[in-house]
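Participant: The following file, target.cif, comprises mmCIF, C-alpha atoms:
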data_start
#
loop_
_atom_site.label_atom_id
_atom_site.label_comp_id
_atom_site.auth_asym_id
_atom_site.auth_seq_id
_atom_site.Cartn_x
_atom_site.Cartn_y
_atom_site.Cartn_z
CA MET V 934 54.17 9.21 -39.47
CA ASN V 935 50.40 9.28 -39.57
CA ILE V 936 48.38 7.91 -36.63
CA THR V 937 44.92 8.32 -35.11
CA CYS V 938 44.19 7.53 -31.49
CA ASN V 939 41.94 8.29 -28.54
CA LYS V 940 42.85 11.49 -26.70
CA ASN V 941 42.50 9.94 -23.21
CA ASP V 942 44.55 6.86 -24.13
CA LEU V 943 47.30 9.09 -25.49
CA SER V 944 47.17 11.44 -22.51
CA ASN V 945 47.41 8.53 -20.05
CA SER V 946 50.46 7.13 -21.84
CA ILE V 947 52.10 10.57 -21.95
CA ASN V 948 51.56 10.95 -18.19
CA ILE V 949 53.40 7.68 -17.61
CA VAL V 950 56.52 8.62 -19.57
CA LEU V 951 56.50 12.22 -18.25
CA LYS V 952 57.82 10.82 -14.97
CA ALA V 953 61.16 10.29 -16.72
CA VAL V 954 61.33 13.79 -18.24
CA PRO V 955 63.57 16.22 -16.32
CA GLY V 956 62.28 19.70 -15.49
CA LYS V 957 65.37 21.30 -16.98
CA SER V 958 68.40 19.71 -18.54
CA THR V 959 71.72 20.75 -20.00
CA MET V 960 70.76 18.35 -22.81
CA PRO V 961 67.58 19.82 -24.41
CA ILE V 962 66.85 16.51 -26.15
CA LEU V 963 66.09 14.97 -22.74
CA GLU V 964 63.19 17.40 -22.34
CA CYS V 965 61.57 15.60 -25.27
CA LEU V 966 59.67 12.37 -25.52
CA VAL V 967 60.02 10.14 -28.55
CA ILE V 968 57.00 8.85 -30.46
CA GLU V 969 57.98 5.77 -32.40
CA CYS V 970 55.60 4.05 -34.84
CA LYS V 971 56.86 0.68 -35.93
CA ASP V 972 55.24 -2.65 -36.81
CA SER V 973 51.78 -1.08 -36.37
CA GLN V 974 52.57 -0.18 -32.74
CA VAL V 975 52.98 3.27 -31.23
CA LYS V 976 55.53 3.59 -28.45
CA LEU V 977 56.31 6.61 -26.25
CA ILE V 978 59.79 6.89 -24.73
CA ALA V 979 61.35 9.25 -22.16
CA ASN V 980 64.77 9.07 -20.52
CA ASN V 981 66.57 11.38 -18.07
CA MET V 982 69.68 9.14 -18.01
CA GLU V 983 68.86 7.87 -14.50
CA LEU V 984 65.32 6.70 -15.20
CA GLY V 985 63.86 5.65 -18.54
CA ILE V 986 60.26 4.71 -19.34
CA GLU V 987 58.65 3.18 -22.42
CA THR V 988 54.94 2.56 -22.86
CA TYR V 989 52.52 1.82 -25.70
CA VAL V 990 49.36 3.58 -26.80
CA LYS V 991 46.54 2.07 -28.86
CA ALA V 992 46.38 3.72 -32.26
CA ASP V 993 45.55 3.20 -35.91
CA VAL V 994 48.83 3.47 -37.82
CA MET V 995 48.52 4.70 -41.39
CA GLU V 996 52.20 5.53 -41.80
CA GLU V 997 55.21 4.60 -39.66
CA GLY V 998 57.88 7.02 -38.45
CA SER V 999 59.34 8.63 -35.34
CA ILE V 1000 59.91 12.07 -33.85
CA ALA V 1001 61.21 13.71 -30.68
CA ILE V 1002 58.86 16.40 -29.37
CA ASN V 1003 58.95 18.68 -26.31
CA ALA V 1004 57.24 16.54 -23.68
CA LYS V 1005 55.61 19.23 -21.51
CA LEU V 1006 54.21 21.18 -24.46
CA PHE V 1007 52.94 18.06 -26.21
CA SER V 1008 51.31 16.87 -22.98
CA GLU V 1009 49.49 20.17 -22.41
CA ILE V 1010 48.23 20.32 -25.99
CA ILE V 1011 46.86 16.77 -25.96
CA ARG V 1012 45.23 17.29 -22.55
CA LYS V 1013 43.34 20.37 -23.75
CA LEU V 1014 42.14 19.09 -27.12
CA PRO V 1015 38.37 19.44 -27.69
CA THR V 1016 37.29 15.96 -28.85
CA ASP V 1017 38.24 12.33 -28.33
CA GLU V 1018 39.87 11.48 -31.68
CA VAL V 1019 43.36 12.84 -32.38
CA ASN V 1020 45.30 12.63 -35.64
CA ILE V 1021 49.06 13.16 -35.59
CA GLN V 1022 51.17 13.49 -38.73
CA THR V 1023 54.88 14.22 -39.17
CA ASN V 1024 57.06 14.80 -42.20
CA ASP V 1025 60.72 14.27 -43.08
CA SER V 1026 61.59 17.71 -41.66
CA PHE V 1027 60.26 16.62 -38.23
CA GLN V 1028 57.32 18.98 -38.32
CA MET V 1029 54.25 17.69 -36.46
CA LYS V 1030 50.61 18.43 -37.27
CA ILE V 1031 48.01 17.65 -34.57
CA THR V 1032 44.35 17.69 -35.63
CA CYS V 1033 41.44 17.22 -33.23
CA GLY V 1034 37.99 18.42 -34.22
CA LYS V 1035 38.42 22.02 -35.33
CA ALA V 1036 41.69 22.45 -33.44
CA LYS V 1037 44.95 22.26 -35.40
CA PHE V 1038 48.49 22.61 -34.08
CA ASP V 1039 51.76 22.75 -36.00
CA LEU V 1040 54.86 21.98 -33.92
CA SER V 1041 58.57 21.74 -34.60
CA GLY V 1042 60.11 18.49 -33.45
CA LYS V 1043 63.60 17.00 -33.55
CA THR V 1044 65.24 13.95 -34.97
CA PRO V 1045 65.07 11.05 -32.52
CA ASP V 1046 68.57 9.98 -33.56
CA GLU V 1047 70.04 12.27 -30.87
CA PHE V 1048 67.77 10.83 -28.15
CA PRO V 1049 69.40 8.30 -25.75
CA MET V 1050 67.27 5.17 -25.96
CA LEU V 1051 66.78 2.97 -22.91
CA PRO V 1052 69.67 0.64 -22.11
CA GLU V 1053 69.14 -3.03 -22.85
CA VAL V 1054 68.81 -5.05 -19.64
CA GLU V 1055 69.67 -8.72 -19.87
CA LYS V 1056 66.71 -10.77 -18.69
CA THR V 1057 68.48 -13.64 -17.01
CA GLN V 1058 66.09 -14.09 -14.08
CA SER V 1059 62.68 -12.54 -13.64
CA VAL V 1060 61.29 -11.92 -10.17
CA LEU V 1061 57.49 -11.81 -10.07
CA ILE V 1062 55.53 -9.75 -7.58
CA SER V 1063 51.96 -8.45 -7.61
CA GLN V 1064 51.50 -4.80 -8.47
CA PHE V 1065 49.45 -4.28 -5.31
CA THR V 1066 52.20 -5.69 -3.10
CA LEU V 1067 55.03 -3.78 -4.77
CA ARG V 1068 53.15 -0.50 -4.57
CA GLN V 1069 52.26 -1.17 -0.94
CA ILE V 1070 55.79 -1.95 0.27
CA ILE V 1071 57.16 1.09 -1.54
CA GLN V 1072 54.57 3.36 0.09
CA GLN V 1073 55.26 1.78 3.49
CA THR V 1074 58.97 2.62 3.38
CA ILE V 1075 59.67 5.44 0.91
CA PHE V 1076 59.15 8.23 3.45
CA SER V 1077 62.35 7.14 5.25
CA ILE V 1078 64.76 7.85 2.40
CA SER V 1079 66.97 10.92 2.60
CA ASP V 1080 66.73 13.83 0.17
CA ASN V 1081 70.36 14.76 0.79
CA GLU V 1082 72.15 14.04 -2.49
CA ALA V 1083 75.51 14.31 -0.68
CA ASN V 1084 74.84 10.84 0.72
CA LYS V 1085 73.69 8.94 -2.35
CA ILE V 1086 73.17 5.60 -0.58
CA MET V 1087 70.49 7.08 1.69
CA THR V 1088 68.53 8.44 -1.30
CA GLY V 1089 67.81 4.86 -2.38
CA GLU V 1090 66.18 1.76 -0.96
CA LEU V 1091 67.84 -1.58 -0.45
CA LEU V 1092 65.98 -4.38 -2.22
CA GLU V 1093 67.14 -7.78 -1.05
CA ILE V 1094 65.91 -11.21 -2.11
CA ASN V 1095 66.87 -14.45 -0.37
CA GLU V 1096 65.06 -17.50 -1.76
CA ASN V 1097 61.33 -16.62 -1.42
CA GLN V 1098 61.78 -13.66 0.90
CA LEU V 1099 61.94 -10.05 -0.28
CA ARG V 1100 63.04 -7.28 2.06
CA ILE V 1101 63.07 -3.56 1.32
CA VAL V 1102 64.89 -1.08 3.56
CA ALA V 1103 64.99 2.73 3.70
CA LEU V 1104 66.86 4.98 6.13
CA ASP V 1105 67.77 8.64 6.51
CA GLY V 1106 70.04 8.68 9.58
CA HIS V 1107 67.18 9.29 12.02
CA ARG V 1108 64.94 6.30 11.28
CA ILE V 1109 64.80 2.99 9.45
CA SER V 1110 61.79 1.47 7.68
CA ILE V 1111 61.75 -2.21 6.76
CA ARG V 1112 59.12 -4.33 5.01
CA LYS V 1113 59.46 -8.03 4.47
CA ILE V 1114 57.20 -10.23 2.32
CA GLN V 1115 57.05 -13.79 1.06
CA LEU V 1116 57.24 -14.32 -2.69
CA LYS V 1117 55.40 -17.15 -4.44
CA GLU V 1118 58.65 -18.71 -5.68
CA SER V 1119 62.30 -18.92 -4.64
CA TYR V 1120 64.95 -16.93 -6.52
CA GLN V 1121 68.68 -16.49 -6.71
CA PRO V 1122 70.00 -13.91 -4.20
CA VAL V 1123 69.57 -10.25 -5.16
CA LYS V 1124 70.94 -7.22 -3.32
CA VAL V 1125 70.59 -3.85 -5.06
CA ILE V 1126 70.08 -0.20 -4.12
CA ILE V 1127 67.32 1.39 -6.21
CA PRO V 1128 66.92 5.20 -6.28
CA GLY V 1129 63.99 6.34 -4.18
CA LYS V 1130 62.82 8.60 -7.02
CA THR V 1131 62.49 5.56 -9.29
CA LEU V 1132 60.44 3.61 -6.74
CA ASN V 1133 58.27 6.61 -6.00
CA GLU V 1134 57.42 7.04 -9.69
CA ILE V 1135 56.78 3.31 -10.13
CA SER V 1136 54.33 3.33 -7.22
CA LYS V 1137 52.37 6.11 -8.97
CA ILE V 1138 52.18 4.22 -12.29
CA LEU V 1139 51.20 0.79 -10.94
CA SER V 1140 47.51 -0.08 -11.28
CA GLY V 1141 47.69 -1.87 -7.94
CA GLY V 1142 45.82 -5.09 -8.81
CA MET V 1143 46.55 -8.21 -6.73
CA ASP V 1144 46.36 -10.39 -9.84
CA ASP V 1145 48.43 -8.02 -12.01
CA GLU V 1146 52.10 -8.85 -11.83
CA VAL V 1147 55.34 -6.93 -12.23
CA CYS V 1148 58.37 -8.66 -13.74
CA MET V 1149 61.59 -7.38 -12.18
CA TYR V 1150 65.06 -7.97 -13.63
CA PHE V 1151 68.36 -6.93 -12.10
CA THR V 1152 71.86 -6.54 -13.52
CA GLU V 1153 74.99 -5.04 -12.04
CA ASN V 1154 74.02 -1.52 -13.09
CA HIS V 1155 70.29 -1.51 -13.82
CA ALA V 1156 66.87 -2.61 -12.61
CA LEU V 1157 64.07 -3.26 -15.08
CA PHE V 1158 60.35 -3.32 -14.20
CA GLU V 1159 57.81 -4.53 -16.78
CA PHE V 1160 54.03 -4.31 -16.32
CA ASP V 1161 50.90 -3.42 -18.31
CA GLY V 1162 52.85 -2.83 -21.53
CA THR V 1163 55.18 -0.40 -19.73
CA LYS V 1164 58.92 -0.76 -19.23
CA VAL V 1165 60.79 1.19 -16.52
CA VAL V 1166 64.59 1.05 -16.49
CA SER V 1167 66.58 2.61 -13.66
CA ARG V 1168 70.26 2.95 -12.92
CA LEU V 1169 71.22 1.41 -9.58
CA ILE V 1170 73.06 3.28 -6.86
CA GLU V 1171 76.60 2.00 -6.48
CA GLY V 1172 78.07 1.20 -3.10
CA GLU V 1173 77.58 -0.96 -0.03
CA TYR V 1174 74.37 -0.49 1.94
CA TYR V 1175 74.54 0.07 5.68
CA LYS V 1176 74.77 -3.00 7.92
CA ILE V 1177 71.47 -2.55 9.74
CA ASP V 1178 70.93 -6.07 11.04
CA GLN V 1179 73.21 -5.51 14.04
CA MET V 1180 70.86 -2.68 15.09
CA LEU V 1181 67.73 -4.86 15.00
CA SER V 1182 67.90 -6.41 18.46
CA ASP V 1183 65.03 -8.50 19.84
CA ASP V 1184 65.89 -7.43 23.39
CA TYR V 1185 63.86 -4.75 25.16
CA ASP V 1186 63.22 -3.39 28.65
CA ILE V 1187 59.81 -1.83 28.05
CA LYS V 1188 57.00 -2.91 25.77
CA ALA V 1189 53.78 -1.01 25.12
CA LYS V 1190 50.75 -2.17 23.15
CA VAL V 1191 48.47 0.66 22.04
CA ASN V 1192 45.46 1.21 19.77
CA LYS V 1193 46.99 2.50 16.55
CA LYS V 1194 44.21 4.88 15.53
CA GLU V 1195 43.98 6.45 18.98
CA PHE V 1196 47.76 6.87 19.15
CA LEU V 1197 47.98 8.30 15.62
CA ASP V 1198 45.07 10.70 16.11
CA CYS V 1199 46.57 11.99 19.35
CA ILE V 1200 49.98 12.69 17.77
CA ASP V 1201 48.27 14.28 14.79
CA ARG V 1202 46.34 16.64 17.09
CA SER V 1203 49.53 17.61 18.86
CA THR V 1204 51.16 18.81 15.63
CA LEU V 1205 48.52 21.53 15.28
CA LEU V 1206 50.62 23.51 17.75
CA VAL V 1207 53.88 23.12 15.87
CA ARG V 1208 54.92 25.27 12.93
CA GLU V 1209 56.71 23.46 10.12
CA SER V 1210 59.93 25.32 10.85
CA GLU V 1211 59.86 24.34 14.54
CA LYS V 1212 61.42 21.12 15.75
CA LYS V 1213 59.39 20.43 18.86
CA PRO V 1214 59.37 16.83 20.13
CA ILE V 1215 56.35 14.98 21.36
CA ILE V 1216 57.08 13.51 24.79
CA LEU V 1217 55.75 10.08 25.73
CA ASN V 1218 55.60 9.26 29.44
CA MET V 1219 54.58 5.65 30.08
CA GLU V 1220 53.74 4.41 33.56
CA ASN V 1221 51.16 2.03 35.09
CA ASN V 1222 49.49 1.20 31.73
CA VAL V 1223 48.96 4.86 30.82
CA MET V 1224 50.82 6.75 28.11
CA GLU V 1225 50.81 10.49 28.59
CA LEU V 1226 51.57 12.44 25.40
CA ARG V 1227 52.48 16.09 25.61
CA ILE V 1228 53.92 18.80 23.43
CA GLN V 1229 54.77 22.44 24.02
CA SER V 1230 55.50 25.16 21.49
CA ALA V 1231 55.34 28.94 21.12
CA MET V 1232 51.67 28.57 20.16
CA GLY V 1233 50.62 26.61 23.24
CA SER V 1234 50.72 23.20 24.85
CA MET V 1235 48.76 19.96 24.71
CA LYS V 1236 48.52 16.94 26.98
CA GLU V 1237 46.54 13.71 26.51
CA ASP V 1238 46.43 10.27 28.15
CA ILE V 1239 46.00 6.95 26.35
CA GLU V 1240 45.47 3.55 27.94
CA ILE V 1241 48.12 1.00 27.01
CA GLU V 1242 49.27 -2.48 27.93
CA GLN V 1243 52.71 -1.99 29.41
CA GLU V 1244 55.51 -4.36 30.35
CA GLY V 1245 58.52 -3.01 32.22
CA PRO V 1246 59.33 0.16 34.17
CA GLN V 1247 58.34 3.78 33.62
CA ILE V 1248 59.96 5.61 30.70
CA MET V 1249 59.85 9.19 29.41
CA ILE V 1250 61.10 9.64 25.85
CA GLY V 1251 60.81 12.26 23.08
CA PHE V 1252 60.39 11.88 19.32
CA ASN V 1253 59.94 13.91 16.18
CA PRO V 1254 56.13 13.58 15.87
CA ARG V 1255 56.32 13.43 12.05
CA PHE V 1256 58.42 10.26 12.19
CA LEU V 1257 55.83 8.51 14.37
CA ILE V 1258 52.99 9.68 12.12
CA ASP V 1259 54.73 8.46 8.94
CA ALA V 1260 55.16 4.97 10.37
CA LEU V 1261 51.74 4.64 12.01
CA LYS V 1262 49.90 5.82 8.87
CA VAL V 1263 51.12 2.86 6.81
CA ILE V 1264 50.63 0.15 9.44
CA GLU V 1265 47.34 -1.68 8.91
CA ASP V 1266 47.17 -3.45 12.30
CA GLU V 1267 44.52 -2.31 14.77
CA GLU V 1268 47.05 -2.39 17.61
CA VAL V 1269 50.78 -1.69 17.48
CA GLU V 1270 53.58 -2.79 19.76
CA LEU V 1271 56.37 -0.41 20.74
CA TYR V 1272 59.66 -1.61 22.22
CA PHE V 1273 62.08 0.55 24.25
CA PHE V 1274 65.41 0.19 26.05
CA ASN V 1275 65.92 3.63 27.59
CA PRO V 1276 65.27 7.32 26.73
CA LYS V 1277 68.48 7.51 24.68
CA ALA V 1278 67.96 4.34 22.61
CA PRO V 1279 65.79 3.81 19.50
CA CYS V 1280 62.14 2.84 19.66
CA PHE V 1281 61.01 -0.14 17.58
CA ILE V 1282 57.51 -0.46 16.15
CA LYS V 1283 57.13 -3.97 14.78
CA ASP V 1284 54.82 -6.96 14.55
CA ARG V 1285 55.70 -10.39 15.85
CA GLU V 1286 56.38 -11.80 12.38
CA LYS V 1287 58.67 -8.80 11.67
CA SER V 1288 56.87 -8.19 8.38
CA TYR V 1289 57.37 -4.54 9.25
CA ILE V 1290 59.94 -2.85 11.47
CA TYR V 1291 60.16 0.90 12.07
CA LEU V 1292 63.16 2.11 14.07
CA ILE V 1293 62.99 5.73 15.25
CA LEU V 1294 65.74 7.54 17.13
CA PRO V 1295 64.64 9.64 20.12
CA VAL V 1296 65.37 13.36 20.49
CA ASN V 1297 66.51 15.36 23.48
CA PHE V 1298 63.99 17.52 25.31
CA ASN V 1299 63.64 19.72 28.37
CA VAL V 1300 61.04 18.66 30.94
#
Translate this file's structure into structure tokens.
Facilitator:
Amino acid sequence: MNITCNKNDLSNSINIVLKAVPGKSTMPILECLVIECKDSQVKLIANNMELGIETYVKADVMEEGSIAINAKLFSEIIRKLPTDEVNIQTNDSFQMKITCGKAKFDLSGKTPDEFPMLPEVEKTQSVLISQFTLRQIIQQTIFSISDNEANKIMTGELLEINENQLRIVALDGHRISIRKIQLKESYQPVKVIIPGKTLNEISKILSGGMDDEVCMYFTENHALFEFDGTKVVSRLIEGEYYKIDQMLSDDYDIKAKVNKKEFLDCIDRSTLLVRESEKKPIILNMENNVMELRIQSAMGSMKEDIEIEQEGPQIMIGFNPRFLIDALKVIEDEEVELYFFNPKAPCFIKDREKSYIYLILPVNFNV
């Protein structure tokens, strides 16, 4: 292999595939990325067996070939090279020579024959969505997945398509986040559970343009995302997702409309008094169109009043302040509506179209 390319182009492509390289693995080959030069194209590939990524880099190809090289080391070397033009050569013994200006590196690589290439995903039906929208709905729900690997279902997000409606759901046992959008076209029904780690990495790679589209394909075991010359393949999580619809009641006893920024800023201020290890609830007391927020910890106490529009009787209820902050941060509306039943029942934050729904369970507290 003999190629010449721009250092920044190469570094950007490496950063994309690095998201599928495990930190440590019982299979050392997985800590490598594969550089494959074929048909005058240069492709980078990484695969941790759960998530696989392929992307292309612009290059002048003088000689074709392929090699597996330690991904972290290769990335660091390319990032720190002195000039823009990089030449990479390999030989039949899988030795790599990197030349950039006066800097020269000789590295030992491996045969790519041992590397597990990405699984082929049958492209029976493509679902199109803008990169901006996909990145947005991931960011507006991903914080509600669980990091407890003992419950695999909760570490993923439910992606559900019915005709031209896409819904994405995340939950961790204490809260539920739901986003619903309209697609430009109608599709056959889809219901899959995608690992949260996959979606998180995809949201980091996406350019975010409204006019730039992602093609999504789904099979029984895999999801495939194609965009900007990049292919991301992920294993799906097996199992039946939780039946959440029966929890999403439209009934309520108390409704409060509040300025989102004022509400968010107040909760944010209250957390200054709470150490990360402490689990101190923020208490909301709503009565006569005033919401009193208060919190007490070993460091001190805080109390603040906010004007609200209230329907229904007085209620005093406590929440994990982080859960409220996570939801409010990703809502773009100037005002938000909160719905309550009683101090022991979940709070709903949602808009009238139900394009977003955030369900948060209350916590016990001592007055």
Participant: Pull out every residue that the PyMOL selection byres ((chain V and resi 1148-1156) around 12) matches in the shown coordinates and put them as a PyMOL selection string.
Facilitator: chain V and resi 982-986+1051-1064+1067+1092-1094+1120-1128+1131-1132+1135+1145-1147+1157-1172
Participant: Name the closest residue to Gly1251 of chain V among the candidates V:Leu1205, V:Met934, V:Cys1033, V:Ile1293; distances are taken between atoms, counting only C-alpha atoms.
Facilitator: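 So, comparing all the options, the nearest one is V:Ile1293.
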Participant: From the list V:Thr1066, V:Ser1119, V:Asn1133, V:Ser1079, which residue is nearest Gln1098 of chain V when using only C-alpha atoms?
Facilitator: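 Checking each candidate against Gln1098 of chain V, we get V:Ser1119 as the closest.
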Participant: What does the PyMOL selection byres ((chain V and resi 968-970) around 10) select in this file, as a PyMOL selection string?
Facilitator: chain V and resi 934-936+947+965-967+971-979+987+989-990+992+994-1002+1045
Participant: For Asn948 of chain V, which of V:Leu1040, V:Ile1138, V:Leu1257, V:Ile962 is the closest residue, counting all atoms listed in the file?
Facilitator: V:Ile1138
Participant: Give me the residues near segment 1070-1074 of chain V as a PyMOL selection string, where near means some atom within 12 Å (using all atoms listed in the file) and where sequence neighbours in that chain fewer than 3 positions away do not count.
Facilitator: chain V and resi 1062-1067+1077-1079+1089-1092+1099-1105+1108-1115+1127-1137+1139+1141+1256+1258-1265+1288-1292
Participant: Print the selection's residues with C-alpha atoms to a file, as a tab-separated table (two decimals), keeping the file's coordinate frame.
Facilitator:
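Listing of out_24.tsv after writing:
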chain	number	residue	atom	x	y	z
V	1062	ILE	CA	55.53	-9.75	-7.58
V	1063	SER	CA	51.96	-8.45	-7.61
V	1064	GLN	CA	51.50	-4.80	-8.47
V	1065	PHE	CA	49.45	-4.28	-5.31
V	1066	THR	CA	52.20	-5.69	-3.10
V	1067	LEU	CA	55.03	-3.78	-4.77
V	1077	SER	CA	62.35	7.14	5.25
V	1078	ILE	CA	64.76	7.85	2.40
V	1079	SER	CA	66.97	10.92	2.60
V	1089	GLY	CA	67.81	4.86	-2.38
V	1090	GLU	CA	66.18	1.76	-0.96
V	1091	LEU	CA	67.84	-1.58	-0.45
V	1092	LEU	CA	65.98	-4.38	-2.22
V	1099	LEU	CA	61.94	-10.05	-0.28
V	1100	ARG	CA	63.04	-7.28	2.06
V	1101	ILE	CA	63.07	-3.56	1.32
V	1102	VAL	CA	64.89	-1.08	3.56
V	1103	ALA	CA	64.99	2.73	3.70
V	1104	LEU	CA	66.86	4.98	6.13
V	1105	ASP	CA	67.77	8.64	6.51
V	1108	ARG	CA	64.94	6.30	11.28
V	1109	ILE	CA	64.80	2.99	9.45
V	1110	SER	CA	61.79	1.47	7.68
V	1111	ILE	CA	61.75	-2.21	6.76
V	1112	ARG	CA	59.12	-4.33	5.01
V	1113	LYS	CA	59.46	-8.03	4.47
V	1114	ILE	CA	57.20	-10.23	2.32
V	1115	GLN	CA	57.05	-13.79	1.06
V	1127	ILE	CA	67.32	1.39	-6.21
V	1128	PRO	CA	66.92	5.20	-6.28
V	1129	GLY	CA	63.99	6.34	-4.18
V	1130	LYS	CA	62.82	8.60	-7.02
V	1131	THR	CA	62.49	5.56	-9.29
V	1132	LEU	CA	60.44	3.61	-6.74
V	1133	ASN	CA	58.27	6.61	-6.00
V	1134	GLU	CA	57.42	7.04	-9.69
V	1135	ILE	CA	56.78	3.31	-10.13
V	1136	SER	CA	54.33	3.33	-7.22
V	1137	LYS	CA	52.37	6.11	-8.97
V	1139	LEU	CA	51.20	0.79	-10.94
V	1141	GLY	CA	47.69	-1.87	-7.94
V	1256	PHE	CA	58.42	10.26	12.19
V	1258	ILE	CA	52.99	9.68	12.12
V	1259	ASP	CA	54.73	8.46	8.94
V	1260	ALA	CA	55.16	4.97	10.37
V	1261	LEU	CA	51.74	4.64	12.01
V	1262	LYS	CA	49.90	5.82	8.87
V	1263	VAL	CA	51.12	2.86	6.81
V	1264	ILE	CA	50.63	0.15	9.44
V	1265	GLU	CA	47.34	-1.68	8.91
V	1288	SER	CA	56.87	-8.19	8.38
V	1289	TYR	CA	57.37	-4.54	9.25
V	1290	ILE	CA	59.94	-2.85	11.47
V	1291	TYR	CA	60.16	0.90	12.07
V	1292	LEU	CA	63.16	2.11	14.07
Participant: Can you list, as a list in words, the residues that the PyMOL selection byres ((chain V and resi 1184) around 12) selects here?
Facilitator: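 Evaluating the PyMOL selection byres ((chain V and resi 1184) around 12) on this file yields Met1180, Leu1181, Ser1182, Asp1183, Tyr1185, Asp1186, Ile1187, Lys1188, Tyr1272, Phe1273, Phe1274, Asn1275, Ala1278, Pro1279, Cys1280 and Phe1281 of chain V.
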Participant: For the selection you just gave me, I'd like the residues written to a file as a short mmCIF file (atom, residue, chain, number, x, y, z; two decimals), in the coordinates of the input, keeping C-alpha atoms.
Facilitator:
data_model
loop_
_atom_site.label_atom_id
_atom_site.label_comp_id
_atom_site.auth_asym_id
_atom_site.auth_seq_id
_atom_site.Cartn_x
_atom_site.Cartn_y
_atom_site.Cartn_z
CA MET V 1180 70.86 -2.68 15.09
CA LEU V 1181 67.73 -4.86 15.00
CA SER V 1182 67.90 -6.41 18.46
CA ASP V 1183 65.03 -8.50 19.84
CA TYR V 1185 63.86 -4.75 25.16
CA ASP V 1186 63.22 -3.39 28.65
CA ILE V 1187 59.81 -1.83 28.05
CA LYS V 1188 57.00 -2.91 25.77
CA TYR V 1272 59.66 -1.61 22.22
CA PHE V 1273 62.08 0.55 24.25
CA PHE V 1274 65.41 0.19 26.05
CA ASN V 1275 65.92 3.63 27.59
CA ALA V 1278 67.96 4.34 22.61
CA PRO V 1279 65.79 3.81 19.50
CA CYS V 1280 62.14 2.84 19.66
CA PHE V 1281 61.01 -0.14 17.58
#
Participant: I'd like the contact shell of Ser944 of chain V - 9 Å cut-off, all atoms listed in the file, skipping same-chain residues fewer than 6 positions apart - returned as a list in words.
Facilitator: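 Neighbouring residues, sequence-local ones excluded: Ser1008, Ile1011 and Arg1012 of chain V.
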Participant: Between V:Lys1176, V:Arg1202, V:Arg1208, V:Lys1194, single out the one closest to Ala1231 of chain V, counting all atoms listed in the file.
Facilitator: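 The answer is V:Arg1208, which sits nearest to Ala1231 of chain V.
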Participant: I'd like the interatomic distance between atom CA of Phe1048 of chain V and atom CA of Asn980 of chain V, to a tenth of an Å.
Facilitator: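 If I compute the distance from atom CA of Phe1048 of chain V to atom CA of Asn980 of chain V, I get 8.4 Å.
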